[in-house]
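Trainee: If it helps, the file is called target-v7.csv and holds CSV, N, CA and C atoms and all ligand atoms:
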chain,number,residue,atom,x,y,z
A,17,MET,N,-9.2,4.7,27.8
A,17,MET,CA,-9.1,6.0,27.2
A,17,MET,C,-10.5,6.6,26.9
A,18,ASP,N,-10.7,7.9,27.2
A,18,ASP,CA,-12.0,8.4,27.0
A,18,ASP,C,-12.2,8.9,25.5
A,19,THR,N,-13.4,9.2,25.2
A,19,THR,CA,-13.7,9.5,23.8
A,19,THR,C,-12.9,10.7,23.3
A,20,ARG,N,-12.7,11.7,24.1
A,20,ARG,CA,-11.9,12.9,23.7
A,20,ARG,C,-10.5,12.5,23.3
A,21,ALA,N,-9.9,11.6,24.2
A,21,ALA,CA,-8.5,11.2,23.9
A,21,ALA,C,-8.5,10.4,22.6
A,22,VAL,N,-9.4,9.5,22.4
A,22,VAL,CA,-9.5,8.7,21.2
A,22,VAL,C,-9.6,9.6,20.0
A,23,ARG,N,-10.4,10.6,20.0
A,23,ARG,CA,-10.6,11.6,18.9
A,23,ARG,C,-9.3,12.4,18.7
A,24,TYR,N,-8.7,12.8,19.7
A,24,TYR,CA,-7.4,13.5,19.6
A,24,TYR,C,-6.4,12.7,18.9
A,25,PHE,N,-6.1,11.5,19.4
A,25,PHE,CA,-5.1,10.7,18.8
A,25,PHE,C,-5.4,10.3,17.4
A,26,ARG,N,-6.7,10.0,17.1
A,26,ARG,CA,-7.1,9.7,15.7
A,26,ARG,C,-6.7,10.9,14.8
A,27,TRP,N,-7.0,12.1,15.3
A,27,TRP,CA,-6.7,13.3,14.5
A,27,TRP,C,-5.2,13.5,14.3
A,28,LEU,N,-4.5,13.3,15.4
A,28,LEU,CA,-3.0,13.5,15.4
A,28,LEU,C,-2.4,12.5,14.4
A,29,LEU,N,-2.8,11.2,14.5
A,29,LEU,CA,-2.2,10.1,13.7
A,29,LEU,C,-2.6,10.3,12.2
A,30,PHE,N,-3.8,10.8,12.0
A,30,PHE,CA,-4.3,11.1,10.7
A,30,PHE,C,-3.3,12.0,9.9
A,31,TRP,N,-2.8,13.0,10.6
A,31,TRP,CA,-1.8,13.9,10.0
A,31,TRP,C,-0.5,13.3,9.9
A,32,GLN,N,-0.1,12.6,11.0
A,32,GLN,CA,1.2,11.9,11.0
A,32,GLN,C,1.3,10.9,9.9
A,33,GLN,N,0.2,10.2,9.6
A,33,GLN,CA,0.3,9.1,8.6
A,33,GLN,C,-0.3,9.6,7.3
A,34,GLN,N,-0.4,10.9,7.1
A,34,GLN,CA,-0.9,11.5,5.9
A,34,GLN,C,-2.2,10.9,5.4
A,35,GLY,N,-3.0,10.6,6.3
A,35,GLY,CA,-4.4,10.2,6.0
A,35,GLY,C,-4.5,8.8,5.5
A,36,ARG,N,-3.4,8.0,5.7
A,36,ARG,CA,-3.4,6.6,5.2
A,36,ARG,C,-3.4,5.6,6.3
A,37,CYS,N,-4.0,4.5,6.1
A,37,CYS,CA,-4.1,3.4,7.0
A,37,CYS,C,-2.7,2.8,7.3
A,38,CYS,N,-2.4,2.5,8.5
A,38,CYS,CA,-1.0,2.0,8.8
A,38,CYS,C,-0.8,0.6,8.3
A,39,TYR,N,-1.8,-0.1,7.8
A,39,TYR,CA,-1.7,-1.5,7.3
A,39,TYR,C,-1.7,-1.5,5.8
A,40,CYS,N,-2.8,-1.0,5.2
A,40,CYS,CA,-2.9,-1.2,3.7
A,40,CYS,C,-2.5,0.1,3.0
A,41,ARG,N,-2.3,1.2,3.7
A,41,ARG,CA,-1.8,2.4,3.1
A,41,ARG,C,-2.9,3.1,2.2
A,42,GLU,N,-4.1,2.6,2.3
A,42,GLU,CA,-5.2,3.3,1.6
A,42,GLU,C,-5.6,4.5,2.4
A,43,HIS,N,-6.2,5.5,1.7
A,43,HIS,CA,-6.7,6.7,2.3
A,43,HIS,C,-7.9,6.4,3.2
A,44,VAL,N,-7.9,7.0,4.4
A,44,VAL,CA,-9.1,6.8,5.3
A,44,VAL,C,-9.8,8.1,5.4
A,45,VAL,N,-10.9,8.1,6.1
A,45,VAL,CA,-11.8,9.2,6.3
A,45,VAL,C,-12.0,9.4,7.8
A,46,LEU,N,-11.7,10.6,8.2
A,46,LEU,CA,-11.9,11.0,9.6
A,46,LEU,C,-13.3,11.4,9.8
A,47,THR,N,-14.0,10.8,10.7
A,47,THR,CA,-15.4,11.2,10.9
A,47,THR,C,-15.8,10.9,12.4
A,48,TYR,N,-16.7,11.7,12.9
A,48,TYR,CA,-17.3,11.5,14.2
A,48,TYR,C,-18.7,11.0,14.1
A,49,ARG,N,-19.3,10.9,12.9
A,49,ARG,CA,-20.7,10.5,12.7
A,49,ARG,C,-20.7,9.0,12.7
A,50,PRO,N,-21.6,8.4,13.5
A,50,PRO,CA,-21.6,6.9,13.6
A,50,PRO,C,-22.0,6.3,12.3
A,51,TYR,N,-22.8,7.0,11.5
A,51,TYR,CA,-23.2,6.4,10.2
A,51,TYR,C,-21.9,6.2,9.3
A,52,ASP,N,-21.0,7.2,9.3
A,52,ASP,CA,-19.8,7.1,8.5
A,52,ASP,C,-18.7,6.3,9.2
A,53,ALA,N,-18.8,6.3,10.5
A,53,ALA,CA,-17.7,5.5,11.2
A,53,ALA,C,-17.9,4.0,11.0
A,54,ALA,N,-19.0,3.6,10.5
A,54,ALA,CA,-19.2,2.1,10.2
A,54,ALA,C,-18.7,1.7,8.9
A,55,ARG,N,-18.3,2.7,8.1
A,55,ARG,CA,-17.8,2.4,6.7
A,55,ARG,C,-16.4,1.8,6.8
A,56,PRO,N,-16.1,0.9,5.8
A,56,PRO,CA,-14.8,0.2,5.8
A,56,PRO,C,-13.6,1.2,5.7
A,57,TYR,N,-13.7,2.4,5.2
A,57,TYR,CA,-12.6,3.3,5.1
A,57,TYR,C,-12.6,4.3,6.2
A,58,ALA,N,-13.4,4.1,7.2
A,58,ALA,CA,-13.4,5.1,8.3
A,58,ALA,C,-12.1,4.9,9.2
A,59,ALA,N,-11.6,6.0,9.6
A,59,ALA,CA,-10.4,5.9,10.5
A,59,ALA,C,-10.7,5.4,11.8
A,60,THR,N,-9.9,4.4,12.3
A,60,THR,CA,-10.0,3.9,13.7
A,60,THR,C,-8.7,4.0,14.4
A,61,LEU,N,-8.8,4.0,15.7
A,61,LEU,CA,-7.5,4.0,16.5
A,61,LEU,C,-7.2,2.6,16.8
A,62,GLU,N,-5.9,2.2,16.4
A,62,GLU,CA,-5.5,0.8,16.5
A,62,GLU,C,-4.4,0.7,17.6
A,63,HIS,N,-4.5,-0.3,18.4
A,63,HIS,CA,-3.5,-0.7,19.3
A,63,HIS,C,-2.6,-1.7,18.6
A,64,LEU,N,-1.3,-1.3,18.4
A,64,LEU,CA,-0.4,-2.1,17.7
A,64,LEU,C,-0.2,-3.5,18.4
A,65,GLN,N,0.2,-3.3,19.7
A,65,GLN,CA,0.1,-4.6,20.5
A,65,GLN,C,-1.3,-4.6,21.1
A,66,ARG,N,-2.0,-5.7,20.8
A,66,ARG,CA,-3.4,-5.8,21.1
A,66,ARG,C,-3.5,-5.7,22.6
A,67,ARG,N,-4.6,-5.1,23.0
A,67,ARG,CA,-4.9,-5.0,24.5
A,67,ARG,C,-4.9,-6.4,25.1
A,68,ALA,N,-5.4,-7.4,24.4
A,68,ALA,CA,-5.5,-8.7,24.9
A,68,ALA,C,-4.1,-9.3,25.2
A,69,ASP,N,-3.0,-8.7,24.5
A,69,ASP,CA,-1.7,-9.1,24.7
A,69,ASP,C,-0.9,-8.2,25.6
A,70,GLY,N,-1.6,-7.3,26.3
A,70,GLY,CA,-1.0,-6.5,27.3
A,70,GLY,C,-0.6,-5.1,26.7
A,71,GLY,N,-1.1,-4.8,25.5
A,71,GLY,CA,-0.8,-3.5,24.9
A,71,GLY,C,-1.5,-2.4,25.6
A,72,THR,N,-0.9,-1.2,25.7
A,72,THR,CA,-1.5,-0.1,26.5
A,72,THR,C,-2.0,1.0,25.5
A,73,GLY,N,-2.6,2.0,26.1
A,73,GLY,CA,-3.0,3.2,25.3
A,73,GLY,C,-1.9,4.2,25.2
A,74,HIS,N,-0.7,3.8,25.5
A,74,HIS,CA,0.4,4.8,25.3
A,74,HIS,C,0.6,5.2,23.8
A,75,PRO,N,0.8,6.4,23.6
A,75,PRO,CA,0.9,6.9,22.2
A,75,PRO,C,1.9,6.0,21.3
A,76,ALA,N,2.9,5.5,21.9
A,76,ALA,CA,3.9,4.7,21.1
A,76,ALA,C,3.2,3.4,20.6
A,77,ASN,N,2.1,3.0,21.2
A,77,ASN,CA,1.4,1.8,20.8
A,77,ASN,C,0.2,2.0,20.0
A,78,LEU,N,0.0,3.3,19.6
A,78,LEU,CA,-1.2,3.6,18.8
A,78,LEU,C,-0.9,3.9,17.4
A,79,ALA,N,-1.8,3.5,16.5
A,79,ALA,CA,-1.7,3.9,15.1
A,79,ALA,C,-3.1,4.0,14.5
A,80,MET,N,-3.2,4.6,13.4
A,80,MET,CA,-4.5,4.8,12.7
A,80,MET,C,-4.7,3.8,11.6
A,81,ALA,N,-5.7,3.1,11.7
A,81,ALA,CA,-6.0,2.0,10.7
A,81,ALA,C,-7.4,2.2,10.1
A,82,CYS,N,-7.7,1.8,8.9
A,82,CYS,CA,-9.0,1.8,8.4
A,82,CYS,C,-9.8,0.7,9.1
A,83,LYS,N,-11.1,0.9,9.1
A,83,LYS,CA,-12.0,0.0,9.8
A,83,LYS,C,-11.9,-1.4,9.3
A,84,HIS,N,-11.7,-1.5,8.0
A,84,HIS,CA,-11.6,-2.9,7.4
A,84,HIS,C,-10.4,-3.6,8.0
A,85,CYS,N,-9.2,-3.0,8.0
A,85,CYS,CA,-8.0,-3.6,8.5
A,85,CYS,C,-8.2,-3.9,10.0
A,86,ASN,N,-8.7,-2.9,10.7
A,86,ASN,CA,-8.9,-3.1,12.1
A,86,ASN,C,-9.8,-4.4,12.4
A,87,ASN,N,-10.8,-4.5,11.6
A,87,ASN,CA,-11.7,-5.6,11.8
A,87,ASN,C,-11.2,-7.0,11.4
A,88,THR,N,-10.3,-7.0,10.4
A,88,THR,CA,-9.8,-8.3,9.8
A,88,THR,C,-8.5,-8.7,10.4
A,89,ARG,N,-7.8,-7.8,11.1
A,89,ARG,CA,-6.5,-8.2,11.6
A,89,ARG,C,-6.5,-9.4,12.5
A,90,GLY,N,-7.6,-9.5,13.3
A,90,GLY,CA,-7.7,-10.7,14.2
A,90,GLY,C,-6.6,-10.7,15.2
A,91,GLU,N,-6.0,-11.9,15.4
A,91,GLU,CA,-4.9,-12.1,16.4
A,91,GLU,C,-3.5,-11.9,15.8
A,92,ARG,N,-3.4,-11.6,14.6
A,92,ARG,CA,-2.1,-11.5,14.0
A,92,ARG,C,-1.3,-10.3,14.6
A,93,ASP,N,0.0,-10.3,14.7
A,93,ASP,CA,0.7,-9.2,15.2
A,93,ASP,C,0.7,-8.1,14.1
A,94,TRP,N,0.9,-6.9,14.5
A,94,TRP,CA,0.6,-5.8,13.6
A,94,TRP,C,1.6,-5.8,12.4
A,95,LEU,N,2.9,-6.2,12.7
A,95,LEU,CA,3.9,-6.1,11.6
A,95,LEU,C,3.6,-7.2,10.6
A,96,SER,N,3.3,-8.4,10.9
A,96,SER,CA,3.0,-9.4,9.9
A,96,SER,C,1.7,-9.0,9.2
A,97,TYR,N,0.8,-8.5,9.9
A,97,TYR,CA,-0.5,-8.1,9.2
A,97,TYR,C,-0.2,-7.0,8.2
A,98,ALA,N,0.6,-6.0,8.6
A,98,ALA,CA,0.9,-4.9,7.7
A,98,ALA,C,1.6,-5.4,6.5
A,99,SER,N,2.6,-6.3,6.6
A,99,SER,CA,3.3,-6.8,5.4
A,99,SER,C,2.4,-7.6,4.6
A,100,TRP,N,1.5,-8.4,5.2
A,100,TRP,CA,0.5,-9.2,4.4
A,100,TRP,C,-0.4,-8.3,3.6
A,101,ARG,N,-0.9,-7.2,4.3
A,101,ARG,CA,-1.8,-6.3,3.6
A,101,ARG,C,-1.2,-5.6,2.4
A,102,GLN,N,0.1,-5.3,2.6
A,102,GLN,CA,0.7,-4.5,1.5
A,102,GLN,C,1.3,-5.4,0.4
A,103,SER,N,1.3,-6.7,0.6
A,103,SER,CA,1.7,-7.6,-0.5
A,103,SER,C,0.6,-8.2,-1.2
A,104,ASN,N,-0.7,-7.8,-0.8
A,104,ASN,CA,-1.9,-8.4,-1.4
A,104,ASN,C,-2.6,-7.3,-2.2
A,201,ZN,ZN,-6.4,-0.5,5.9
Mind turning the file's structure into structure tokens?
Mentor:
Amino acid sequence: MDTRAVRYFRWLLFWQQQGRCCYCREHVVLTYRPYDAARPYAATLEHLQRRADGGTGHPANLAMACKHCNNTRGERDWLSYASWRQSN
């Protein structure tokens, strides 16, 4: 997926998810600036089924997550990670 597509889906999902991370439900910040994009609350485009597991860039497989969740999810599947995040 090229950068423009990533930005478009991030923006779309930001509105669909009312500005909240799909895992921890915290508010995220949409930014294009690399300095801000490195922050834990920056919005990132997440593949629900990991690309390593055959997940595609199809819109049905995309969600918006904060950078912190995106970085710490590791190899867990998205549903168990989301329930773990919301129970902690
Ligand atoms: Zn999060």
Trainee: Using DSSP on the backbone coordinates, identify the residues of chain A assigned to helix (DSSP H, G or I); present them as an MDAnalysis selection string.
Mentor: chainID A and resid 19:32 50:53 67:69 75:77 83:88 94:102
Trainee: Just to be explicit: take each residue in the selection above, keep N, CA and C atoms, and write the result as a compact mmCIF listing (two decimals), keeping the file's coordinate frame.
Mentor:
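Here's the written file out_8.txt:
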# COMPACT_ATOMS: atom_id res chain seq x y z
N THR A 19 -13.40 9.20 25.20
CA THR A 19 -13.70 9.50 23.80
C THR A 19 -12.90 10.70 23.30
N ARG A 20 -12.70 11.70 24.10
CA ARG A 20 -11.90 12.90 23.70
C ARG A 20 -10.50 12.50 23.30
N ALA A 21 -9.90 11.60 24.20
CA ALA A 21 -8.50 11.20 23.90
C ALA A 21 -8.50 10.40 22.60
N VAL A 22 -9.40 9.50 22.40
CA VAL A 22 -9.50 8.70 21.20
C VAL A 22 -9.60 9.60 20.00
N ARG A 23 -10.40 10.60 20.00
CA ARG A 23 -10.60 11.60 18.90
C ARG A 23 -9.30 12.40 18.70
N TYR A 24 -8.70 12.80 19.70
CA TYR A 24 -7.40 13.50 19.60
C TYR A 24 -6.40 12.70 18.90
N PHE A 25 -6.10 11.50 19.40
CA PHE A 25 -5.10 10.70 18.80
C PHE A 25 -5.40 10.30 17.40
N ARG A 26 -6.70 10.00 17.10
CA ARG A 26 -7.10 9.70 15.70
C ARG A 26 -6.70 10.90 14.80
N TRP A 27 -7.00 12.10 15.30
CA TRP A 27 -6.70 13.30 14.50
C TRP A 27 -5.20 13.50 14.30
N LEU A 28 -4.50 13.30 15.40
CA LEU A 28 -3.00 13.50 15.40
C LEU A 28 -2.40 12.50 14.40
N LEU A 29 -2.80 11.20 14.50
CA LEU A 29 -2.20 10.10 13.70
C LEU A 29 -2.60 10.30 12.20
N PHE A 30 -3.80 10.80 12.00
CA PHE A 30 -4.30 11.10 10.70
C PHE A 30 -3.30 12.00 9.90
N TRP A 31 -2.80 13.00 10.60
CA TRP A 31 -1.80 13.90 10.00
C TRP A 31 -0.50 13.30 9.90
N GLN A 32 -0.10 12.60 11.00
CA GLN A 32 1.20 11.90 11.00
C GLN A 32 1.30 10.90 9.90
N PRO A 50 -21.60 8.40 13.50
CA PRO A 50 -21.60 6.90 13.60
C PRO A 50 -22.00 6.30 12.30
N TYR A 51 -22.80 7.00 11.50
CA TYR A 51 -23.20 6.40 10.20
C TYR A 51 -21.90 6.20 9.30
N ASP A 52 -21.00 7.20 9.30
CA ASP A 52 -19.80 7.10 8.50
C ASP A 52 -18.70 6.30 9.20
N ALA A 53 -18.80 6.30 10.50
CA ALA A 53 -17.70 5.50 11.20
C ALA A 53 -17.90 4.00 11.00
N ARG A 67 -4.60 -5.10 23.00
CA ARG A 67 -4.90 -5.00 24.50
C ARG A 67 -4.90 -6.40 25.10
N ALA A 68 -5.40 -7.40 24.40
CA ALA A 68 -5.50 -8.70 24.90
C ALA A 68 -4.10 -9.30 25.20
N ASP A 69 -3.00 -8.70 24.50
CA ASP A 69 -1.70 -9.10 24.70
C ASP A 69 -0.90 -8.20 25.60
N PRO A 75 0.80 6.40 23.60
CA PRO A 75 0.90 6.90 22.20
C PRO A 75 1.90 6.00 21.30
N ALA A 76 2.90 5.50 21.90
CA ALA A 76 3.90 4.70 21.10
C ALA A 76 3.20 3.40 20.60
N ASN A 77 2.10 3.00 21.20
CA ASN A 77 1.40 1.80 20.80
C ASN A 77 0.20 2.00 20.00
N LYS A 83 -11.10 0.90 9.10
CA LYS A 83 -12.00 0.00 9.80
C LYS A 83 -11.90 -1.40 9.30
N HIS A 84 -11.70 -1.50 8.00
CA HIS A 84 -11.60 -2.90 7.40
C HIS A 84 -10.40 -3.60 8.00
N CYS A 85 -9.20 -3.00 8.00
CA CYS A 85 -8.00 -3.60 8.50
C CYS A 85 -8.20 -3.90 10.00
N ASN A 86 -8.70 -2.90 10.70
CA ASN A 86 -8.90 -3.10 12.10
C ASN A 86 -9.80 -4.40 12.40
N ASN A 87 -10.80 -4.50 11.60
CA ASN A 87 -11.70 -5.60 11.80
C ASN A 87 -11.20 -7.00 11.40
N THR A 88 -10.30 -7.00 10.40
CA THR A 88 -9.80 -8.30 9.80
C THR A 88 -8.50 -8.70 10.40
N TRP A 94 0.90 -6.90 14.50
CA TRP A 94 0.60 -5.80 13.60
C TRP A 94 1.60 -5.80 12.40
N LEU A 95 2.90 -6.20 12.70
CA LEU A 95 3.90 -6.10 11.60
C LEU A 95 3.60 -7.20 10.60
N SER A 96 3.30 -8.40 10.90
CA SER A 96 3.00 -9.40 9.90
C SER A 96 1.70 -9.00 9.20
N TYR A 97 0.80 -8.50 9.90
CA TYR A 97 -0.50 -8.10 9.20
C TYR A 97 -0.20 -7.00 8.20
N ALA A 98 0.60 -6.00 8.60
CA ALA A 98 0.90 -4.90 7.70
C ALA A 98 1.60 -5.40 6.50
N SER A 99 2.60 -6.30 6.60
CA SER A 99 3.30 -6.80 5.40
C SER A 99 2.40 -7.60 4.60
N TRP A 100 1.50 -8.40 5.20
CA TRP A 100 0.50 -9.20 4.40
C TRP A 100 -0.40 -8.30 3.60
N ARG A 101 -0.90 -7.20 4.30
CA ARG A 101 -1.80 -6.30 3.60
C ARG A 101 -1.20 -5.60 2.40
N GLN A 102 0.10 -5.30 2.60
CA GLN A 102 0.70 -4.50 1.50
C GLN A 102 1.30 -5.40 0.40
Trainee: As a ChimeraX atom specification, please: every protein or nucleic acid residue near ligand ZN 201 (chain A) (cut-off 10 Å, counting only C-alpha atoms and all ligand atoms).
Mentor: /A:36-44,56-60,80-89,98,101-102
Trainee: For a quick check of understanding, using only C-alpha atoms, which of A:Ser103, A:Tyr48, A:Arg92, A:Ala53 has the smallest distance to Ala68 of chain A?
Mentor: A:Arg92
Trainee: Counting only C-alpha atoms, which of A:Leu64, A:Ala79, A:Met17, A:Ala54 gets nearest to Leu29 of chain A?
Mentor: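 Among A:Leu64, A:Ala79, A:Met17, A:Ala54, it is A:Ala79 that comes nearest to Leu29 of chain A.
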Trainee: Can you tell me, as a list in words, which residues in segment 20-91 of chain A count as strand (DSSP E) by DSSP?
Mentor: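 Everything in segment 20-91 of chain A that counts as strand (DSSP E) is Ala59, Thr60, Leu61, Glu62, His63, Leu78, Ala79, Met80, Ala81 and Cys82 of chain A.
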Trainee: In Å to one decimal, how far is atom CA of Asp93 of chain A from atom CA of Gln33 of chain A?
Mentor: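 Those two atoms sit 19.5 Å apart.
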Trainee: Grab the atom CA of Tyr24 of chain A to atom N of Ala76 of chain A distance for me, in Å with one decimal place.
Mentor: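 These atoms are spaced 13.2 Å apart.
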Trainee: Measure the distance from atom CA of Leu28 of chain A to atom C of Gln65 of chain A in Å and round it to one decimal.
Mentor: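 Between these atoms lies a distance of 19.1 Å.
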Trainee: Here is a test: counting only N, CA and C atoms, which residue of A:Glu91, A:Glu62, A:Thr47, A:Gln34 is nearest to Asn77 of chain A?
Mentor: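 Among the listed residues, the smallest separation from Asn77 of chain A belongs to A:Glu62.
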